[in-house]
file target.json (JSON, C-alpha atoms)
[["chain", "number", "residue", "atom", "x", "y", "z"],
["A", 1, "MET", "CA", 70.66, -69.38, 27.78],
["A", 2, "TYR", "CA", 70.47, -71.19, 31.09],
["A", 3, "PRO", "CA", 68.08, -71.66, 32.67],
["A", 4, "PRO", "CA", 65.92, -71.89, 29.52],
["A", 5, "GLU", "CA", 63.46, -69.05, 29.01],
["A", 6, "HIS", "CA", 60.44, -71.29, 29.68],
["A", 7, "PHE", "CA", 61.74, -71.97, 33.23],
["A", 8, "MET", "CA", 62.41, -68.29, 34.01],
["A", 9, "GLN", "CA", 59.84, -66.89, 36.43],
["A", 10, "LYS", "CA", 59.33, -63.13, 36.09],
["A", 11, "ASN", "CA", 56.08, -62.74, 38.02],
["A", 12, "THR", "CA", 57.03, -60.55, 40.99],
["A", 13, "GLU", "CA", 54.15, -61.78, 43.15],
["A", 14, "GLN", "CA", 55.24, -65.40, 42.71],
["A", 15, "LEU", "CA", 58.87, -64.54, 43.48],
["A", 16, "HIS", "CA", 57.80, -62.73, 46.66],
["A", 17, "ALA", "CA", 55.44, -65.57, 47.62],
["A", 18, "LEU", "CA", 58.23, -68.16, 47.34],
["A", 19, "ILE", "CA", 60.49, -66.04, 49.57],
["A", 20, "ASN", "CA", 57.69, -65.53, 52.09],
["A", 21, "ASN", "CA", 56.95, -69.28, 52.20],
["A", 22, "PHE", "CA", 60.62, -70.35, 52.23],
["A", 23, "PRO", "CA", 62.49, -67.50, 53.98],
["A", 24, "LEU", "CA", 65.78, -69.31, 54.66],
["A", 25, "ALA", "CA", 68.33, -67.75, 52.31],
["A", 26, "THR", "CA", 71.59, -69.34, 51.26],
["A", 27, "ILE", "CA", 73.88, -66.31, 51.12],
["A", 28, "PHE", "CA", 76.88, -66.30, 48.77],
["A", 29, "MET", "CA", 79.46, -63.76, 49.94],
["A", 30, "PRO", "CA", 82.77, -62.74, 48.36],
["A", 31, "CYS", "CA", 85.82, -64.30, 50.02],
["A", 32, "SER", "CA", 88.99, -62.19, 50.01],
["A", 33, "ASN", "CA", 91.47, -65.08, 50.03],
["A", 34, "SER", "CA", 89.75, -67.33, 47.49],
["A", 35, "GLN", "CA", 87.79, -67.24, 44.26],
["A", 36, "LEU", "CA", 85.12, -69.26, 46.04],
["A", 37, "ASN", "CA", 82.29, -67.78, 48.08],
["A", 38, "ASN", "CA", 81.70, -67.85, 51.78],
["A", 39, "ILE", "CA", 78.25, -69.32, 52.35],
["A", 40, "CYS", "CA", 75.83, -69.01, 55.25],
["A", 41, "HIS", "CA", 72.14, -69.65, 55.82],
["A", 42, "VAL", "CA", 70.01, -66.85, 57.26],
["A", 43, "PRO", "CA", 66.23, -66.47, 57.55],
["A", 44, "MET", "CA", 65.14, -63.23, 55.86],
["A", 45, "LEU", "CA", 61.98, -61.20, 55.99],
["A", 46, "PHE", "CA", 61.10, -59.23, 52.86],
["A", 47, "ASN", "CA", 59.02, -56.06, 52.98],
["A", 48, "SER", "CA", 57.74, -55.47, 49.44],
["A", 49, "LEU", "CA", 56.46, -51.96, 50.28],
["A", 50, "GLU", "CA", 59.95, -50.84, 51.33],
["A", 51, "ASN", "CA", 61.73, -53.18, 48.88],
["A", 52, "MET", "CA", 63.95, -54.38, 51.73],
["A", 53, "PHE", "CA", 65.06, -57.60, 53.40],
["A", 54, "ILE", "CA", 65.85, -57.61, 57.12],
["A", 55, "ALA", "CA", 67.79, -60.15, 59.14],
["A", 56, "HIS", "CA", 70.22, -60.57, 61.99],
["A", 57, "VAL", "CA", 73.33, -62.73, 62.25],
["A", 58, "ALA", "CA", 76.03, -63.45, 64.81],
["A", 59, "LYS", "CA", 78.71, -60.71, 64.95],
["A", 60, "HIS", "CA", 81.41, -63.18, 63.78],
["A", 61, "ASN", "CA", 79.42, -64.08, 60.63],
["A", 62, "PRO", "CA", 81.34, -62.82, 57.54],
["A", 63, "LEU", "CA", 78.16, -61.04, 56.42],
["A", 64, "SER", "CA", 78.74, -58.58, 59.29],
["A", 65, "LYS", "CA", 81.84, -57.27, 57.50],
["A", 66, "LEU", "CA", 80.15, -56.54, 54.17],
["A", 67, "ASP", "CA", 78.55, -53.15, 54.76],
["A", 68, "ASN", "CA", 77.77, -51.55, 51.37],
["A", 69, "LYS", "CA", 78.87, -54.69, 49.48],
["A", 70, "GLN", "CA", 76.77, -56.96, 47.26],
["A", 71, "VAL", "CA", 75.82, -60.55, 48.02],
["A", 72, "ASN", "CA", 73.61, -63.16, 46.37],
["A", 73, "LEU", "CA", 70.62, -64.60, 48.23],
["A", 74, "LEU", "CA", 69.25, -67.93, 47.06],
["A", 75, "PHE", "CA", 65.79, -69.04, 48.21],
["A", 76, "ASN", "CA", 64.61, -72.58, 47.41],
["A", 77, "SER", "CA", 61.10, -74.03, 47.55],
["A", 78, "ASP", "CA", 60.37, -77.65, 48.28],
["A", 79, "ASN", "CA", 61.50, -79.92, 45.48],
["A", 80, "CYS", "CA", 60.82, -83.49, 44.37],
["A", 81, "TYR", "CA", 61.49, -86.21, 41.85],
["A", 82, "LEU", "CA", 59.21, -86.25, 38.82],
["A", 83, "SER", "CA", 58.32, -89.83, 37.90],
["A", 84, "PRO", "CA", 57.15, -90.53, 34.35],
["A", 85, "SER", "CA", 54.19, -92.26, 36.01],
["A", 86, "TYR", "CA", 52.96, -88.82, 37.13],
["A", 87, "ALA", "CA", 52.21, -88.02, 33.48],
["A", 88, "ASP", "CA", 51.19, -91.42, 32.06],
["A", 89, "ASN", "CA", 54.76, -92.02, 30.84],
["A", 90, "GLN", "CA", 54.73, -88.86, 28.69],
["A", 91, "THR", "CA", 57.79, -87.35, 30.41],
["A", 92, "LEU", "CA", 61.29, -88.49, 31.22],
["A", 93, "PRO", "CA", 62.42, -88.79, 34.85],
["A", 94, "SER", "CA", 63.26, -85.31, 36.08],
["A", 95, "TRP", "CA", 63.25, -83.05, 39.14],
["A", 96, "LEU", "CA", 60.78, -80.29, 40.02],
["A", 97, "TYR", "CA", 61.95, -77.21, 41.91],
["A", 98, "ALA", "CA", 61.62, -73.46, 42.18],
["A", 99, "SER", "CA", 64.23, -70.96, 43.31],
["A", 100, "VAL", "CA", 64.74, -67.23, 43.49],
["A", 101, "LEU", "CA", 68.19, -65.63, 43.24],
["A", 102, "VAL", "CA", 68.46, -62.05, 44.47],
["A", 103, "THR", "CA", 71.53, -59.83, 44.21],
["A", 104, "ALA", "CA", 71.31, -57.38, 47.11],
["A", 105, "LYS", "CA", 73.33, -54.60, 48.73],
["A", 106, "VAL", "CA", 74.13, -55.04, 52.43],
["A", 107, "HIS", "CA", 73.59, -52.27, 54.98],
["A", 108, "ILE", "CA", 74.67, -52.92, 58.58],
["A", 109, "ILE", "CA", 72.29, -51.17, 60.98],
["A", 110, "LYS", "CA", 74.02, -49.03, 63.61],
["A", 111, "ASP", "CA", 71.03, -47.33, 65.26],
["A", 112, "GLU", "CA", 70.04, -49.09, 68.52],
["A", 113, "LEU", "CA", 66.33, -48.33, 68.18],
["A", 114, "LYS", "CA", 66.31, -49.70, 64.65],
["A", 115, "LYS", "CA", 68.07, -52.87, 65.83],
["A", 116, "ASP", "CA", 65.32, -53.40, 68.37],
["A", 117, "LEU", "CA", 62.66, -52.75, 65.72],
["A", 118, "VAL", "CA", 64.24, -55.34, 63.40],
["A", 119, "MET", "CA", 64.32, -57.93, 66.21],
["A", 120, "ARG", "CA", 60.68, -57.22, 67.10],
["A", 121, "THR", "CA", 59.59, -57.40, 63.46],
["A", 122, "LEU", "CA", 61.40, -60.69, 62.85],
["A", 123, "THR", "CA", 60.24, -62.41, 66.03],
["A", 124, "SER", "CA", 56.67, -61.18, 65.61],
["A", 125, "HIS", "CA", 56.59, -62.53, 62.03],
["A", 126, "PHE", "CA", 58.14, -65.92, 62.75],
["A", 127, "GLU", "CA", 56.26, -66.42, 66.05],
["A", 128, "LYS", "CA", 52.80, -65.73, 64.60],
["A", 129, "THR", "CA", 52.00, -69.44, 64.15],
["A", 130, "PHE", "CA", 52.99, -70.32, 67.74],
["A", 131, "GLU", "CA", 50.50, -70.53, 70.57],
["A", 132, "PRO", "CA", 51.26, -68.82, 72.84],
["A", 133, "GLU", "CA", 53.32, -66.39, 70.81],
["A", 134, "TRP", "CA", 56.68, -65.57, 72.40],
["A", 135, "LYS", "CA", 57.39, -61.84, 72.80],
["A", 136, "ILE", "CA", 60.81, -60.18, 72.91],
["A", 137, "ASP", "CA", 59.70, -58.26, 76.01],
["A", 138, "GLU", "CA", 59.85, -61.54, 77.93],
["A", 139, "VAL", "CA", 63.62, -60.94, 77.99],
["A", 140, "PRO", "CA", 64.59, -58.15, 80.45],
["A", 141, "GLU", "CA", 65.76, -55.02, 78.65],
["A", 142, "GLN", "CA", 69.31, -55.07, 80.06],
["A", 143, "HIS", "CA", 69.79, -58.71, 79.06],
["A", 144, "ARG", "CA", 68.23, -58.00, 75.65],
["A", 145, "ASN", "CA", 70.65, -55.12, 75.05],
["A", 146, "THR", "CA", 73.58, -57.35, 76.00],
["A", 147, "MET", "CA", 72.38, -60.01, 73.55],
["A", 148, "TYR", "CA", 72.08, -57.40, 70.79],
["A", 149, "GLN", "CA", 75.80, -56.61, 71.19],
["A", 150, "HIS", "CA", 76.57, -60.13, 69.91],
["A", 151, "LEU", "CA", 74.47, -59.67, 66.77],
["A", 152, "SER", "CA", 74.65, -57.69, 63.55],
["A", 153, "PHE", "CA", 71.34, -56.35, 62.27],
["A", 154, "ILE", "CA", 71.13, -56.07, 58.52],
["A", 155, "GLU", "CA", 69.03, -54.51, 55.78],
["A", 156, "LEU", "CA", 69.52, -55.78, 52.24],
["A", 157, "THR", "CA", 68.30, -53.83, 49.23],
["A", 158, "PRO", "CA", 67.50, -55.98, 46.16],
["A", 159, "ILE", "CA", 69.29, -54.98, 42.97],
["A", 160, "HIS", "CA", 68.40, -57.88, 40.67],
["A", 161, "TRP", "CA", 65.89, -60.76, 40.80],
["A", 162, "GLN", "CA", 65.96, -64.06, 38.91],
["A", 163, "GLY", "CA", 63.34, -66.77, 39.26],
["A", 164, "ASN", "CA", 64.03, -70.32, 38.10],
["A", 165, "PHE", "CA", 60.89, -72.44, 38.34],
["A", 166, "LYS", "CA", 61.42, -75.86, 36.72],
["A", 167, "LEU", "CA", 57.84, -77.14, 36.76],
["A", 168, "SER", "CA", 57.39, -78.83, 33.37],
["A", 169, "GLN", "CA", 56.42, -75.56, 31.66],
["A", 170, "ASN", "CA", 57.77, -77.05, 28.43],
["A", 171, "LYS", "CA", 54.99, -79.67, 28.51],
["A", 172, "SER", "CA", 51.40, -79.35, 27.33],
["A", 173, "ALA", "CA", 48.67, -78.11, 29.67],
["A", 174, "THR", "CA", 47.19, -81.63, 29.71],
["A", 175, "ILE", "CA", 50.45, -83.21, 30.88],
["A", 176, "ARG", "CA", 51.04, -80.44, 33.42],
["A", 177, "ASN", "CA", 47.54, -80.97, 34.84],
["A", 178, "LYS", "CA", 48.25, -84.71, 35.20],
["A", 179, "ILE", "CA", 51.54, -83.95, 36.96],
["A", 180, "LYS", "CA", 49.86, -81.47, 39.29],
["A", 181, "GLN", "CA", 47.12, -83.98, 40.22],
["A", 182, "SER", "CA", 49.73, -86.69, 40.81],
["A", 183, "LEU", "CA", 51.63, -84.32, 43.11],
["A", 184, "VAL", "CA", 48.43, -83.60, 45.07],
["A", 185, "ASP", "CA", 47.71, -87.34, 45.29],
["A", 186, "ALA", "CA", 51.26, -87.89, 46.61],
["A", 187, "ASN", "CA", 50.75, -85.15, 49.28],
["A", 188, "LYS", "CA", 53.33, -82.89, 47.62],
["A", 189, "HIS", "CA", 51.05, -79.90, 48.01],
["A", 190, "SER", "CA", 53.68, -77.15, 48.19],
["A", 191, "ILE", "CA", 55.10, -78.18, 44.80],
["A", 192, "ALA", "CA", 51.63, -78.65, 43.28],
["A", 193, "ALA", "CA", 50.68, -75.13, 44.43],
["A", 194, "LEU", "CA", 53.45, -73.71, 42.21],
["A", 195, "PHE", "CA", 51.89, -75.17, 39.03]]

call {"tool": "encode", "arguments": {"input": "target.json", "output": "structure tokens"}}
result
Amino acid sequence: MYPPEHFMQKNTEQLHALINNFPLATIFMPCSNSQLNNICHVPMLFNSLENMFIAHVAKHNPLSKLDNKQVNLLFNSDNCYLSPSYADNQTLPSWLYASVLVTAKVHIIKDELKKDLVMRTLTSHFEKTFEPEWKIDEVPEQHRNTMYQHLSFIELTPIHWQGNFKLSQNKSATIRNKIKQSLVDANKHSIAALF
């Protein structure tokens, strides 16, 4: 089985936390003229109460043509090289990372009020760390409506979740604690927080 069972993350809260902290999804979409996927990158916002992702993309993005189809969303945390020196030479050189793969069904939003709600929700969420916070109402309504015509607003319903957290779980607690402290000492706090 790959990834190995000890690297599989099944804790829903941790999967949601990774997506919240790293919301840029790599989206793998079926391609009609090839066995390969079309790929795009789209920031997503996940609402765990409604079990729904929301996003918007340019109208010409292939995702806009996939209403009621399934796609795969891949979310990646920060990652880094694992030096044997991080664990007093008790590990081999490796790489630390965490990712979440979500299979989801696409729904293209048609309702104009819902489109506006999605835009407001996304901008409010991603602007919250800015001072001053930019508001969508700073764009005149007529201009805003014209801009919306060039976008597709999307809801994605998760069907399957898979977490792959490769964080030395196959090592002893003592070694993992040494690795975590070494990561903190190296200012790799986002990776250390996953341990």

call {"tool": "atom_distance", "arguments": {"input": "target.json", "atom1": "atom CA of A:Asn20", "atom2": "atom CA of A:Lys178"}}
result
27.2 Å

call {"tool": "atom_distance", "arguments": {"input": "target.json", "atom1": "atom CA of A:Val184", "atom2": "atom CA of A:Tyr86"}}
result
10.5 Å

call {"tool": "closest_residue", "arguments": {"input": "target.json", "among": "A:Thr146, A:Asn187, A:Thr121, A:Val139", "to": "A:Ile54", "atoms": "only C-alpha atoms"}}
result
A:Thr121

call {"tool": "residues_around", "arguments": {"input": "target.json", "residues": "A:Asn37", "least_positions_apart": "4", "cutoff": "12 Å", "atoms": "all atoms listed in the file", "output": "JSON, numbers by chain"}}
result
{"A": [26, 27, 28, 29, 30, 31, 32, 33, 62, 63, 71, 72]}

call {"tool": "atom_distance", "arguments": {"input": "target.json", "atom1": "atom CA of A:Ile154", "atom2": "atom CA of A:Met119"}}
result
10.4 Å

call {"tool": "residues_near_point", "arguments": {"input": "target.json", "point": "(68.7, -56.8, 44.6)", "cutoff": "6 Å", "atoms": "only C-alpha atoms", "output": "ChimeraX atom specification"}}
result
/A:102-104,157-160

call {"tool": "residues_around", "arguments": {"input": "target.json", "residues": "A:Phe165", "least_positions_apart": "2", "cutoff": "6 Å", "atoms": "only C-alpha atoms", "output": "PDB file with C-alpha atoms, in the frame of the given file"}}
result
ATOM      1  CA  PHE A   7      61.740 -71.970  33.230  1.00  0.00           C
ATOM      2  CA  GLN A   9      59.840 -66.890  36.430  1.00  0.00           C
ATOM      3  CA  ALA A  98      61.620 -73.460  42.180  1.00  0.00           C
ATOM      4  CA  LEU A 167      57.840 -77.140  36.760  1.00  0.00           C
TER       5      LEU A 167
END

call {"tool": "residues_near_point", "arguments": {"input": "target.json", "point": "(62.1, -94.3, 36.6)", "cutoff": "7 Å", "atoms": "all atoms listed in the file", "output": "JSON, numbers by chain"}}
result
{"A": [83, 84, 93]}

call {"tool": "residues_around", "arguments": {"input": "target.json", "residues": "A:Leu92", "least_positions_apart": "3", "cutoff": "12 Å", "atoms": "all atoms listed in the file", "output": "ChimeraX atom specification"}}
result
/A:81-89,95,168,171

call {"tool": "residues_around", "arguments": {"input": "target.json", "residues": "A:Val106", "least_positions_apart": "3", "cutoff": "7 Å", "atoms": "all atoms listed in the file", "output": "number ranges by chain"}}
result
A: 66-70, 154-157

call {"tool": "closest_residue", "arguments": {"input": "target.json", "among": "A:Ile109, A:Val57, A:Cys80, A:Leu45", "to": "A:Tyr97", "atoms": "all atoms listed in the file"}}
result
A:Cys80

call {"tool": "closest_residue", "arguments": {"input": "target.json", "among": "A:His143, A:His6, A:His107, A:Arg176", "to": "A:His56", "atoms": "all atoms listed in the file"}}
result
A:His107

call {"tool": "residues_around", "arguments": {"input": "target.json", "residues": "A:Lys110", "least_positions_apart": "4", "cutoff": "8 Å", "atoms": "only C-alpha atoms", "output": "PyMOL selection string"}}
result
chain A and resi 114-115+153

call {"tool": "axis_aligned_box", "arguments": {"input": "target.json", "around": "stretch 67-72 of chain A", "padding_each_side": "6 Å", "output": "AutoDock Vina command-line options"}}
result
--center_x 76.2 --center_y -57.4 --center_z 50.6 --size_x 17.3 --size_y 23.6 --size_z 20.4

call {"tool": "closest_residue", "arguments": {"input": "target.json", "among": "A:Trp134, A:Phe22, A:Phe195, A:Phe126", "to": "A:Asp78", "atoms": "all atoms listed in the file"}}
result
A:Phe22

call {"tool": "closest_residue", "arguments": {"input": "target.json", "among": "A:Ile175, A:Val42, A:Ala58, A:Leu96", "to": "A:Leu122", "atoms": "only C-alpha atoms"}}
result
A:Val42

call {"tool": "closest_residue", "arguments": {"input": "target.json", "among": "A:Ala173, A:Val100, A:Ile136, A:Ile108", "to": "A:Leu15", "atoms": "only C-alpha atoms"}}
result
A:Val100

call {"tool": "build_atoms", "arguments": {"input": "target.json", "residues": "stretch 9-25 of chain A", "atoms": "N, CA, C and O atoms", "output": "PDB file, in the coordinates of the input"}}
result
ATOM      1  N   GLN A   9      61.049 -67.447  35.815  1.00  0.00           N
ATOM      2  CA  GLN A   9      59.840 -66.890  36.430  1.00  0.00           C
ATOM      3  C   GLN A   9      60.057 -65.385  36.629  1.00  0.00           C
ATOM      4  O   GLN A   9      60.989 -64.973  37.316  1.00  0.00           O
ATOM      5  N   LYS A  10      59.185 -64.583  36.017  1.00  0.00           N
ATOM      6  CA  LYS A  10      59.330 -63.130  36.090  1.00  0.00           C
ATOM      7  C   LYS A  10      58.185 -62.475  36.865  1.00  0.00           C
ATOM      8  O   LYS A  10      58.199 -61.272  37.073  1.00  0.00           O
ATOM      9  N   ASN A  11      57.221 -63.271  37.292  1.00  0.00           N
ATOM     10  CA  ASN A  11      56.080 -62.740  38.020  1.00  0.00           C
ATOM     11  C   ASN A  11      56.524 -62.355  39.438  1.00  0.00           C
ATOM     12  O   ASN A  11      56.830 -63.219  40.259  1.00  0.00           O
ATOM     13  N   THR A  12      56.537 -61.065  39.710  1.00  0.00           N
ATOM     14  CA  THR A  12      57.030 -60.550  40.990  1.00  0.00           C
ATOM     15  C   THR A  12      56.265 -61.121  42.168  1.00  0.00           C
ATOM     16  O   THR A  12      56.863 -61.479  43.188  1.00  0.00           O
ATOM     17  N   GLU A  13      54.956 -61.231  42.044  1.00  0.00           N
ATOM     18  CA  GLU A  13      54.150 -61.780  43.150  1.00  0.00           C
ATOM     19  C   GLU A  13      54.557 -63.203  43.480  1.00  0.00           C
ATOM     20  O   GLU A  13      54.626 -63.583  44.646  1.00  0.00           O
ATOM     21  N   GLN A  14      54.833 -64.014  42.457  1.00  0.00           N
ATOM     22  CA  GLN A  14      55.240 -65.400  42.710  1.00  0.00           C
ATOM     23  C   GLN A  14      56.637 -65.464  43.313  1.00  0.00           C
ATOM     24  O   GLN A  14      56.910 -66.313  44.161  1.00  0.00           O
ATOM     25  N   LEU A  15      57.530 -64.584  42.890  1.00  0.00           N
ATOM     26  CA  LEU A  15      58.870 -64.540  43.480  1.00  0.00           C
ATOM     27  C   LEU A  15      58.774 -64.170  44.964  1.00  0.00           C
ATOM     28  O   LEU A  15      59.400 -64.809  45.819  1.00  0.00           O
ATOM     29  N   HIS A  16      57.981 -63.155  45.265  1.00  0.00           N
ATOM     30  CA  HIS A  16      57.800 -62.730  46.660  1.00  0.00           C
ATOM     31  C   HIS A  16      57.133 -63.824  47.487  1.00  0.00           C
ATOM     32  O   HIS A  16      57.496 -64.047  48.647  1.00  0.00           O
ATOM     33  N   ALA A  17      56.151 -64.508  46.901  1.00  0.00           N
ATOM     34  CA  ALA A  17      55.440 -65.570  47.620  1.00  0.00           C
ATOM     35  C   ALA A  17      56.396 -66.709  47.979  1.00  0.00           C
ATOM     36  O   ALA A  17      56.346 -67.249  49.091  1.00  0.00           O
ATOM     37  N   LEU A  18      57.278 -67.090  47.045  1.00  0.00           N
ATOM     38  CA  LEU A  18      58.230 -68.160  47.340  1.00  0.00           C
ATOM     39  C   LEU A  18      59.124 -67.754  48.514  1.00  0.00           C
ATOM     40  O   LEU A  18      59.345 -68.531  49.446  1.00  0.00           O
ATOM     41  N   ILE A  19      59.618 -66.517  48.491  1.00  0.00           N
ATOM     42  CA  ILE A  19      60.490 -66.040  49.570  1.00  0.00           C
ATOM     43  C   ILE A  19      59.737 -65.997  50.896  1.00  0.00           C
ATOM     44  O   ILE A  19      60.282 -66.358  51.942  1.00  0.00           O
ATOM     45  N   ASN A  20      58.490 -65.583  50.865  1.00  0.00           N
ATOM     46  CA  ASN A  20      57.690 -65.530  52.090  1.00  0.00           C
ATOM     47  C   ASN A  20      57.448 -66.931  52.648  1.00  0.00           C
ATOM     48  O   ASN A  20      57.491 -67.145  53.857  1.00  0.00           O
ATOM     49  N   ASN A  21      57.214 -67.903  51.767  1.00  0.00           N
ATOM     50  CA  ASN A  21      56.950 -69.280  52.200  1.00  0.00           C
ATOM     51  C   ASN A  21      58.213 -70.045  52.571  1.00  0.00           C
ATOM     52  O   ASN A  21      58.152 -70.996  53.351  1.00  0.00           O
ATOM     53  N   PHE A  22      59.343 -69.662  51.991  1.00  0.00           N
ATOM     54  CA  PHE A  22      60.620 -70.350  52.230  1.00  0.00           C
ATOM     55  C   PHE A  22      61.693 -69.290  52.519  1.00  0.00           C
ATOM     56  O   PHE A  22      62.542 -69.004  51.676  1.00  0.00           O
ATOM     57  N   PRO A  23      61.667 -68.676  53.706  1.00  0.00           N
ATOM     58  CA  PRO A  23      62.490 -67.500  53.980  1.00  0.00           C
ATOM     59  C   PRO A  23      63.964 -67.765  54.310  1.00  0.00           C
ATOM     60  O   PRO A  23      64.725 -66.819  54.511  1.00  0.00           O
ATOM     61  N   LEU A  24      64.381 -69.035  54.344  1.00  0.00           N
ATOM     62  CA  LEU A  24      65.780 -69.310  54.660  1.00  0.00           C
ATOM     63  C   LEU A  24      66.633 -69.106  53.408  1.00  0.00           C
ATOM     64  O   LEU A  24      66.527 -69.851  52.430  1.00  0.00           O
ATOM     65  N   ALA A  25      67.479 -68.077  53.447  1.00  0.00           N
ATOM     66  CA  ALA A  25      68.330 -67.750  52.310  1.00  0.00           C
ATOM     67  C   ALA A  25      69.689 -68.423  52.459  1.00  0.00           C
ATOM     68  O   ALA A  25      70.262 -68.446  53.544  1.00  0.00           O
TER      69      ALA A  25
END
